[in-house]
$ cat query_17.txt   # compact mmCIF, C-alpha atoms and all ligand atoms
# COMPACT_ATOMS: atom_id res chain seq x y z
CA MET O 3 83.58 111.81 70.68
CA ALA O 4 83.05 109.89 73.88
CA ARG O 5 86.25 109.33 75.83
CA PRO O 6 86.88 107.58 79.11
CA ILE O 7 87.09 110.20 81.85
CA LEU O 8 89.55 109.98 84.71
CA SER O 9 88.44 112.35 87.46
CA ILE O 10 91.14 113.39 89.90
CA ASP O 11 89.99 114.97 93.15
CA LEU O 12 92.71 117.48 94.09
CA ASP O 13 90.89 118.36 97.31
CA ALA O 14 91.16 114.71 98.34
CA ILE O 15 94.92 114.74 97.60
CA ALA O 16 95.28 117.86 99.79
CA THR O 17 93.17 116.21 102.51
CA ASN O 18 95.37 113.10 102.43
CA TRP O 19 98.56 115.19 102.57
CA ARG O 20 97.27 117.12 105.61
CA ALA O 21 96.21 113.92 107.37
CA LEU O 22 99.59 112.26 106.77
CA ASP O 23 101.28 115.50 107.90
CA ARG O 24 99.27 115.38 111.13
CA ALA O 25 100.26 111.74 111.64
CA SER O 26 103.76 112.88 112.56
CA ALA O 27 104.82 115.42 115.20
CA SER O 28 104.64 119.10 114.28
CA GLY O 29 108.43 119.36 114.00
CA VAL O 30 108.49 116.67 111.31
CA GLN O 31 108.33 117.99 107.75
CA THR O 32 106.04 116.18 105.28
CA ALA O 33 107.17 116.13 101.67
CA GLY O 34 105.24 114.96 98.60
CA VAL O 35 106.40 112.24 96.21
CA ILE O 36 105.42 113.16 92.65
CA LYS O 37 107.56 110.79 90.57
CA ALA O 38 106.13 109.10 87.46
CA ASP O 39 103.87 112.03 86.62
CA ALA O 40 102.57 112.05 90.19
CA TYR O 41 101.70 108.35 90.03
CA GLY O 42 100.02 108.89 86.67
CA LEU O 43 97.68 111.62 87.89
CA GLY O 44 99.46 114.64 86.37
CA LEU O 45 102.63 116.22 87.73
CA GLY O 46 101.66 119.87 87.30
CA PRO O 47 98.20 119.95 88.90
CA VAL O 48 99.22 117.56 91.69
CA ALA O 49 102.44 119.43 92.52
CA GLN O 50 100.61 122.76 92.68
CA CYS O 51 97.85 121.27 94.81
CA LEU O 52 100.37 119.87 97.30
CA ALA O 53 102.24 123.17 97.41
CA SER O 54 99.01 125.01 98.26
CA ALA O 55 98.30 122.45 100.97
CA GLY O 56 101.67 123.32 102.49
CA ALA O 57 104.27 120.94 101.05
CA ARG O 58 107.69 122.62 100.69
CA ARG O 59 109.74 119.63 99.52
CA PHE O 60 109.08 117.23 96.66
CA PHE O 61 110.66 114.01 95.43
CA VAL O 62 110.95 112.83 91.84
CA ALA O 63 112.71 109.84 90.27
CA THR O 64 114.90 111.52 87.65
CA ALA O 65 116.45 114.89 86.84
CA GLU O 66 114.11 115.20 83.82
CA GLU O 67 111.12 114.82 86.14
CA GLY O 68 112.76 117.37 88.42
CA THR O 69 112.91 119.87 85.56
CA ASP O 70 109.18 119.39 84.91
CA ALA O 71 108.46 119.73 88.63
CA ARG O 72 110.43 122.98 88.80
CA ALA O 73 108.46 124.36 85.85
CA ALA O 74 105.21 123.53 87.68
CA LEU O 75 106.29 124.77 91.11
CA GLY O 76 108.45 127.77 90.32
CA PRO O 77 111.39 128.80 92.51
CA GLY O 78 111.32 128.03 96.23
CA PRO O 79 110.28 124.47 97.00
CA GLN O 80 113.07 121.91 97.24
CA ILE O 81 113.00 119.18 94.61
CA ASN O 82 114.93 116.03 95.45
CA VAL O 83 115.91 113.40 92.88
CA PHE O 84 115.90 109.77 94.06
CA SER O 85 118.18 108.51 91.29
CA GLY O 86 120.83 111.00 92.38
CA HIS O 87 123.29 112.57 89.94
CA THR O 88 123.57 110.25 86.97
CA GLU O 89 125.78 110.75 83.92
CA GLY O 90 124.74 113.83 81.97
CA ASP O 91 122.50 115.31 84.70
CA ALA O 92 124.69 118.25 85.74
CA ALA O 93 123.07 120.91 83.57
CA LEU O 94 119.54 119.81 84.52
CA ILE O 95 120.41 119.78 88.22
CA ARG O 96 122.00 123.22 88.02
CA ASP O 97 119.39 124.88 85.82
CA ALA O 98 116.37 123.55 87.73
CA ASP O 99 118.03 123.88 91.15
CA LEU O 100 117.50 120.22 92.02
CA THR O 101 118.85 118.35 95.03
CA PRO O 102 120.15 114.94 93.94
CA MET O 103 120.11 112.16 96.55
CA LEU O 104 123.61 110.81 95.84
CA ASN O 105 123.67 107.06 96.22
CA SER O 106 127.22 105.89 95.45
CA ILE O 107 130.79 107.07 95.80
CA GLU O 108 130.86 107.43 92.02
CA GLN O 109 127.89 109.84 92.18
CA ILE O 110 129.40 111.79 95.05
CA THR O 111 132.59 112.28 93.02
CA ARG O 112 130.64 113.23 89.90
CA HIS O 113 128.51 115.77 91.77
CA PHE O 114 131.38 117.38 93.70
CA GLU O 115 133.44 117.70 90.51
CA ALA O 116 130.68 118.98 88.21
CA LEU O 117 128.82 121.23 90.65
CA PRO O 118 130.99 122.10 93.63
CA ASN O 119 128.97 123.76 96.42
CA ALA O 120 125.63 122.71 94.87
CA ALA O 121 122.98 121.19 97.15
CA PHE O 122 122.83 117.42 97.61
CA GLY O 123 121.53 114.71 99.90
CA ILE O 124 122.83 111.22 100.60
CA GLN O 125 120.96 107.97 100.19
CA LEU O 126 121.99 105.09 102.43
CA ASP O 127 121.20 101.42 102.04
CA THR O 128 119.93 99.97 105.30
CA GLY O 129 118.80 96.59 103.98
CA MET O 130 116.71 96.93 100.84
CA ASN O 131 119.74 96.55 98.57
CA ARG O 132 118.37 98.76 95.84
CA LEU O 133 119.95 102.22 96.08
CA GLY O 134 122.34 103.93 98.42
CA LEU O 135 125.74 103.63 100.09
CA GLU O 136 126.30 100.55 102.21
CA GLU O 137 127.55 100.88 105.75
CA ALA O 138 131.25 100.30 104.98
CA GLU O 139 131.23 102.71 102.04
CA TRP O 140 129.48 105.33 104.11
CA GLU O 141 132.02 104.97 106.92
CA SER O 142 134.86 105.52 104.50
CA VAL O 143 133.48 108.74 102.99
CA ALA O 144 131.27 110.14 105.77
CA PRO O 145 133.82 112.55 107.32
CA TYR O 146 134.53 114.12 103.94
CA VAL O 147 130.90 114.16 102.77
CA LEU O 148 129.55 115.56 106.04
CA GLU O 149 132.04 118.39 105.75
CA ALA O 150 130.38 119.36 102.44
CA GLY O 151 127.01 119.73 104.19
CA PRO O 152 124.35 117.38 102.80
CA GLU O 153 120.77 118.67 103.12
CA LEU O 154 119.34 115.29 104.04
CA LEU O 155 120.28 111.71 104.85
CA LEU O 156 117.72 109.27 103.48
CA SER O 157 117.02 105.55 103.43
CA HIS O 158 114.04 103.52 102.25
CA LEU O 159 112.16 100.64 103.90
CA ALA O 160 111.56 97.46 101.91
CA CYS O 161 108.63 96.08 103.93
CA ALA O 162 106.94 99.09 105.55
CA ASP O 163 103.50 97.99 104.33
CA ASP O 164 103.82 94.96 106.64
CA PRO O 165 104.16 96.22 110.24
CA ASP O 166 105.03 92.72 111.47
CA HIS O 167 107.94 92.24 109.10
CA GLY O 168 111.22 91.87 110.97
CA LEU O 169 113.20 93.88 108.42
CA ASN O 170 111.55 97.14 109.55
CA GLU O 171 113.30 97.12 112.92
CA VAL O 172 116.55 95.96 111.37
CA GLN O 173 116.51 98.85 108.89
CA LEU O 174 115.59 101.28 111.66
CA ALA O 175 118.55 100.13 113.77
CA ASN O 176 120.90 100.31 110.78
CA PHE O 177 119.70 103.83 109.95
CA HIS O 178 120.39 104.94 113.52
CA ALA O 179 123.82 103.33 113.46
CA MET O 180 124.71 105.08 110.21
CA THR O 181 123.32 108.54 111.02
CA ASP O 182 123.17 109.14 114.80
CA GLY O 183 125.33 112.03 115.86
CA THR O 184 125.54 113.64 112.42
CA GLY O 185 123.13 116.40 113.46
CA LEU O 186 121.67 116.40 109.94
CA PRO O 187 118.03 116.12 108.85
CA ARG O 188 117.06 112.49 108.27
CA SER O 189 114.26 110.69 106.44
CA LEU O 190 113.31 107.01 106.49
CA ALA O 191 109.52 106.84 106.07
CA ALA O 192 107.32 106.76 102.96
CA THR O 193 103.57 106.14 103.39
CA GLY O 194 104.06 102.77 105.10
CA GLY O 195 106.78 104.10 107.39
CA ILE O 196 104.56 106.96 108.57
CA LEU O 197 101.99 104.38 109.69
CA LEU O 198 104.67 102.40 111.57
CA GLY O 199 104.79 105.22 114.13
CA PRO O 200 106.98 108.05 115.42
CA ALA O 201 110.15 105.97 115.77
CA TYR O 202 110.26 105.91 111.96
CA HIS O 203 109.52 109.58 111.30
CA PHE O 204 112.86 111.33 112.02
CA ASP O 205 112.84 114.87 110.50
CA LEU O 206 111.03 114.38 107.23
CA THR O 207 108.51 111.91 105.78
CA ARG O 208 107.96 111.23 102.06
CA PRO O 209 104.47 109.89 101.32
CA GLY O 210 103.47 108.97 97.78
CA ILE O 211 100.70 106.39 97.39
CA GLY O 212 98.87 107.53 100.53
CA LEU O 213 98.35 110.95 98.93
CA TYR O 214 96.71 109.25 95.98
CA GLY O 215 94.32 107.13 98.02
CA GLY O 216 96.07 103.76 98.10
CA ARG O 217 97.09 101.12 100.63
CA PRO O 218 98.72 100.88 103.08
CA TYR O 219 96.97 104.14 104.09
CA GLU O 220 93.55 102.58 104.67
CA GLY O 221 92.01 105.84 105.86
CA ALA O 222 92.82 107.74 102.68
CA ALA O 223 90.16 109.82 100.95
CA PRO O 224 89.53 108.31 97.49
CA VAL O 225 91.15 110.41 94.76
CA VAL O 226 90.32 108.90 91.38
CA SER O 227 87.19 107.81 89.59
CA LEU O 228 86.99 106.51 86.08
CA SER O 229 84.02 106.06 83.80
CA LEU O 230 83.99 104.34 80.42
CA PRO O 231 81.42 105.32 77.78
CA VAL O 232 79.21 102.62 76.28
CA ILE O 233 79.78 102.58 72.51
CA GLN O 234 77.33 99.85 71.56
CA THR O 235 75.08 97.18 73.04
CA ARG O 236 73.99 93.91 71.42
CA LEU O 237 71.97 90.82 72.21
CA VAL O 238 74.04 87.65 72.24
CA ALA O 239 72.27 84.31 71.85
CA PRO O 240 73.09 81.22 73.95
CA GLY O 241 76.19 79.50 72.55
CA GLU O 242 77.61 82.65 70.96
CA PRO O 243 81.09 83.84 72.02
CA VAL O 244 82.25 87.35 72.93
CA GLY O 245 85.69 88.79 72.21
CA TYR O 246 89.12 87.51 71.20
CA ALA O 247 89.72 83.78 71.44
CA CYS O 248 86.08 83.13 72.44
CA THR O 249 86.96 82.91 76.12
CA TRP O 250 83.35 83.68 77.13
CA VAL O 251 80.28 82.05 75.67
CA ALA O 252 76.70 83.10 76.51
CA GLU O 253 74.70 80.51 78.45
CA LYS O 254 71.46 82.46 78.10
CA PRO O 255 70.30 85.39 75.96
CA SER O 256 72.57 88.22 77.11
CA LEU O 257 72.81 91.96 76.60
CA ILE O 258 76.45 92.88 76.12
CA ALA O 259 77.75 96.46 76.28
CA THR O 260 81.01 97.38 74.58
CA VAL O 261 82.73 100.22 76.45
CA GLN O 262 85.58 102.47 75.36
CA GLY O 263 88.90 101.76 77.10
CA GLY O 264 91.25 98.79 77.05
CA TYR O 265 94.75 97.62 77.80
CA ALA O 266 96.22 100.53 75.84
CA ASP O 267 94.72 102.72 78.57
CA GLY O 268 96.25 100.62 81.32
CA PHE O 269 93.38 98.22 82.03
CA LEU O 270 95.37 95.05 82.36
CA ARG O 271 94.33 91.91 80.50
CA THR O 272 94.23 90.12 83.84
CA LEU O 273 90.86 91.87 84.26
CA SER O 274 89.43 89.70 81.44
CA ASN O 275 86.43 87.63 82.55
CA THR O 276 86.94 88.63 86.20
CA ALA O 277 86.55 92.36 86.86
CA LEU O 278 83.33 94.25 87.52
CA LEU O 279 82.20 97.58 86.14
CA TRP O 280 79.39 99.40 87.88
CA ALA O 281 76.13 100.98 86.80
CA GLY O 282 75.50 102.99 89.94
CA GLU O 283 75.32 100.28 92.59
CA ASP O 284 74.73 97.42 90.14
CA PRO O 285 77.76 95.26 89.35
CA CYS O 286 78.28 94.33 85.68
CA PRO O 287 80.81 91.57 84.96
CA VAL O 288 83.48 91.89 82.29
CA VAL O 289 82.93 89.10 79.77
CA GLY O 290 85.61 87.95 77.36
CA ARG O 291 89.07 89.40 76.98
CA VAL O 292 90.01 93.01 77.57
CA SER O 293 91.13 94.24 74.15
CA MET O 294 93.35 97.19 73.25
CA ASP O 295 90.60 99.80 73.13
CA MET O 296 87.45 98.11 74.40
CA ILE O 297 85.97 96.00 77.15
CA THR O 298 82.80 93.92 76.86
CA VAL O 299 80.44 93.85 79.82
CA ASP O 300 77.31 91.85 80.66
CA VAL O 301 74.49 94.34 81.32
CA SER O 302 71.58 91.89 80.88
CA HIS O 303 70.23 92.55 84.37
CA LEU O 304 70.01 96.37 84.04
CA ALA O 305 66.62 98.03 83.54
CA THR O 306 68.33 100.68 81.41
CA VAL O 307 71.88 100.77 80.14
CA PRO O 308 73.58 104.01 81.23
CA GLU O 309 75.76 106.13 78.92
CA SER O 310 78.83 105.03 80.79
CA LEU O 311 79.94 102.43 83.31
CA SER O 312 82.24 103.03 86.24
CA LEU O 313 85.55 101.19 86.57
CA LEU O 314 86.82 103.19 89.57
CA GLY O 315 84.55 105.03 91.96
CA PRO O 316 82.52 104.63 95.13
CA MET O 317 81.84 100.94 94.42
CA GLN O 318 85.40 99.98 93.41
CA SER O 319 88.61 101.47 94.82
CA ILE O 320 92.06 101.44 93.19
CA ASP O 321 93.09 98.72 95.64
CA GLN O 322 90.06 96.54 94.86
CA LEU O 323 90.65 96.82 91.12
CA ALA O 324 94.40 96.25 91.58
CA ASP O 325 93.64 93.09 93.59
CA THR O 326 91.40 91.83 90.79
CA ALA O 327 94.14 92.56 88.25
CA GLN O 328 96.67 90.79 90.49
CA THR O 329 98.79 93.87 90.92
CA ILE O 330 99.12 96.85 93.30
CA SER O 331 97.53 100.29 93.20
CA TYR O 332 100.93 101.84 92.34
CA GLU O 333 101.07 99.90 89.08
CA LEU O 334 97.39 100.43 88.32
CA LEU O 335 97.73 104.22 88.66
CA THR O 336 101.00 104.60 86.78
CA ARG O 337 99.64 102.60 83.85
CA LEU O 338 96.64 104.88 83.32
CA GLY O 339 97.30 106.01 79.79
CA PRO O 340 97.42 109.37 77.99
CA ARG O 341 94.18 108.66 76.08
CA LEU O 342 92.11 109.01 79.23
CA LYS O 343 90.72 112.50 79.58
CA ARG O 344 91.91 113.82 82.93
CA ARG O 345 89.45 116.06 84.71
CA TYR O 346 90.56 117.82 87.88
CA LEU O 347 88.05 118.43 90.66
CA GLU O 348 88.82 121.24 93.01
CA SER O 349 86.36 123.17 95.12
CA ARG O 350 88.30 125.11 97.70
CA ARG O 351 90.70 127.21 95.64
C1 LIG T 1 108.40 105.90 95.67
C2 LIG T 1 109.20 106.22 96.89
C3 LIG T 1 108.58 106.84 98.00
C4 LIG T 1 107.07 106.97 98.12
O1 LIG T 1 106.59 105.71 98.53
P1 LIG T 1 105.04 105.42 98.82
O2 LIG T 1 105.03 103.99 99.23
O3 LIG T 1 104.34 105.65 97.52
O4 LIG T 1 104.60 106.35 99.88
C5 LIG T 1 109.40 107.28 99.03
N1 LIG T 1 110.74 107.07 99.01
C6 LIG T 1 111.36 106.44 97.98
C7 LIG T 1 112.85 106.24 98.02
C8 LIG T 1 110.62 105.98 96.90
O5 LIG T 1 111.22 105.34 95.89

$ encode --input "query_17.txt" --output "structure tokens"
Amino acid sequence: MARPILSIDLDAIATNWRALDRASASGVQTAGVIKADAYGLGLGPVAQCLASAGARRFFVATAEEGTDARAALGPGPQINVFSGHTEGDAALIRDADLTPMLNSIEQITRHFEALPNAAFGIQLDTGMNRLGLEEAEWESVAPYVLEAGPELLLSHLACADDPDHGLNEVQLANFHAMTDGTGLPRSLAATGGILLGPAYHFDLTRPGIGLYGGRPYEGAAPVVSLSLPVIQTRLVAPGEPVGYACTWVAEKPSLIATVQGGYADGFLRTLSNTALLWAGEDPCPVVGRVSMDMITVDVSHLATVPESLSLLGPMQSIDQLADTAQTISYELLTRLGPRLKRRYLESRR
């Protein structure tokens, strides 16, 4: 059975991690963000690849993801949970030795009561208004919390992918105001923050998308390629429609290839009638609507129709395809579905 194949270049992920690690001073630790199944690319293989490259600290979104990360990594590396210690997490946090990034007074209380003396970090809100203690809350509990010895003080930038955005400097100043003099390890920068320069690096950076080849890290080595097998080709006469709702009609005799893969695999319907697939270096336009399991493509101009067409690869990056789909590479990657056969490329280990 022909299945779409998603190739994931682990060497490229390791290369990107090393390059982002080198982008900060040698005293600055570089973690790896592996939430959402490592941005859809596979938590286990990606976590192990980053650990071999040298990463000693990882970030996930939830305690359940942390449990999976611990199973993949084994004892040793620190695993931090962005959502903190939510109701019912205590056993997972204890058993998998996770470090929750506590983000409210309620969470601090819950954690100290359920797991006294267990590791934790603190998440501060410096202007994004999504997660973390606000300045006044932090002031009220800081003396007591600092006494308990947090591993890390963390905040997140809302606009780091836009170096000219005024909020970056505001958040930086707020982070200094809330953490200077604590003597504790601090972290403000994800991929975008690393690229903003050393003032944003503090003690630890937390890249995610840059590891996986996406903007704003323009210099990233490409990580994923995706090829969709051709199931059938047919000649379509002028005036005949293709696909649901007849949104494309042939103007001239056309050879149409139907490829395996559709919106159930994460190829958004916004790609209908606009995206390109590639036969080597020849672009082939998507015609008609993307359906659940199939995409129809105009291959009239090809001398021979290949066995598969490329949706991601040397001719089309995750950012280019995300732009066409009117989304961002983060969403494109995390939507890549379980039906795609994941193939891991790795030469050096
Ligand atoms: C997702 C996330 C990251 C990683 O961000 P990238 O832009 O993918 O590098 C870092 N920190 C926090 C708090 C996050 O939610």

$ closest_atom_pairs --input "query_17.txt" --of "chain O" --to "ligand LIG 1 (chain T)" --cutoff "10 Å" --atoms "only C-alpha atoms and all ligand atoms" --output "CSV"
residue,atom,partner,partner_atom,distance
O:Ala33,CA,T:LIG1,C5,9.5
O:Gly34,CA,T:LIG1,C4,8.2
O:Val35,CA,T:LIG1,C4,5.6
O:Ile36,CA,T:LIG1,C1,8.4
O:Lys37,CA,T:LIG1,C1,7.1
O:Ala38,CA,T:LIG1,C1,9.1
O:Ala40,CA,T:LIG1,O3,9.9
O:Tyr41,CA,T:LIG1,O3,8.4
O:Phe61,CA,T:LIG1,C5,7.7
O:Val62,CA,T:LIG1,C1,8.3
O:Ala63,CA,T:LIG1,O5,7.4
O:Val83,CA,T:LIG1,C7,9.3
O:Phe84,CA,T:LIG1,C7,6.1
O:Ser85,CA,T:LIG1,C7,8.9
O:Met103,CA,T:LIG1,C7,9.5
O:Gln125,CA,T:LIG1,C7,8.6
O:Arg132,CA,T:LIG1,C7,9.5
O:Leu133,CA,T:LIG1,C7,8.4
O:Gly134,CA,T:LIG1,C7,9.8
O:Leu156,CA,T:LIG1,C7,7.9
O:Ser157,CA,T:LIG1,C7,6.9
O:His158,CA,T:LIG1,C7,5.2
O:Leu159,CA,T:LIG1,C7,8.1
O:Ala160,CA,T:LIG1,O2,9.6
O:Cys161,CA,T:LIG1,O2,9.9
O:Ala162,CA,T:LIG1,O2,8.2
O:Asp163,CA,T:LIG1,O2,8.0
O:Ser189,CA,T:LIG1,N1,9.0
O:Leu190,CA,T:LIG1,N1,7.9
O:Ala191,CA,T:LIG1,C5,7.1
O:Ala192,CA,T:LIG1,O4,4.1
O:Thr193,CA,T:LIG1,O4,3.7
O:Gly194,CA,T:LIG1,O2,6.1
O:Gly195,CA,T:LIG1,O4,8.1
O:Ile196,CA,T:LIG1,O4,8.7
O:Thr207,CA,T:LIG1,C5,8.2
O:Arg208,CA,T:LIG1,C5,5.2
O:Pro209,CA,T:LIG1,O4,3.8
O:Gly210,CA,T:LIG1,O3,3.4
O:Ile211,CA,T:LIG1,O3,3.7
O:Gly212,CA,T:LIG1,O4,5.9
O:Leu213,CA,T:LIG1,O4,7.8
O:Tyr214,CA,T:LIG1,O3,8.6
O:Gly216,CA,T:LIG1,O3,8.5
O:Arg217,CA,T:LIG1,O2,8.6
O:Pro218,CA,T:LIG1,O2,8.0
O:Tyr219,CA,T:LIG1,O4,9.0
O:Ser331,CA,T:LIG1,O3,9.7
O:Tyr332,CA,T:LIG1,O3,7.3

$ residues_near_point --input "query_17.txt" --point "(81.5, 89.7, 80.9)" --cutoff "10 Å" --atoms "only C-alpha atoms" --output "MDAnalysis selection string"
chainID O and resid 244:245 249:252 256:260 274:279 286:292 297:301

$ residues_around --input "query_17.txt" --residues "Pro118 (chain O)" --least-positions-apart "4" --cutoff "12 Å" --atoms "only C-alpha atoms" --output "PyMOL selection string"
chain O and resi 92+96+110-114+122+150-151

$ closest_residue --input "query_17.txt" --among "O:Ala120, O:Ala98, O:Leu270, O:Ile107" --to "Tyr146 (chain O)" --atoms "all atoms listed in the file"
O:Ile107

$ axis_aligned_box --input "query_17.txt" --around "region 34-37 of chain O" --padding-each-side "8 Å" --output "JSON"
{"center_x": 106.4, "center_y": 112.9, "center_z": 94.6, "size_x": 18.3, "size_y": 20.2, "size_z": 24.0}

$ residues_around --input "query_17.txt" --residues "region 10-22 of chain O" --least-positions-apart "6" --cutoff "8 Å" --atoms "all atoms listed in the file" --output "ChimeraX atom specification"
/O:32,34,43,47-48,51-52,55,196,209,212-215,222-227,344-350
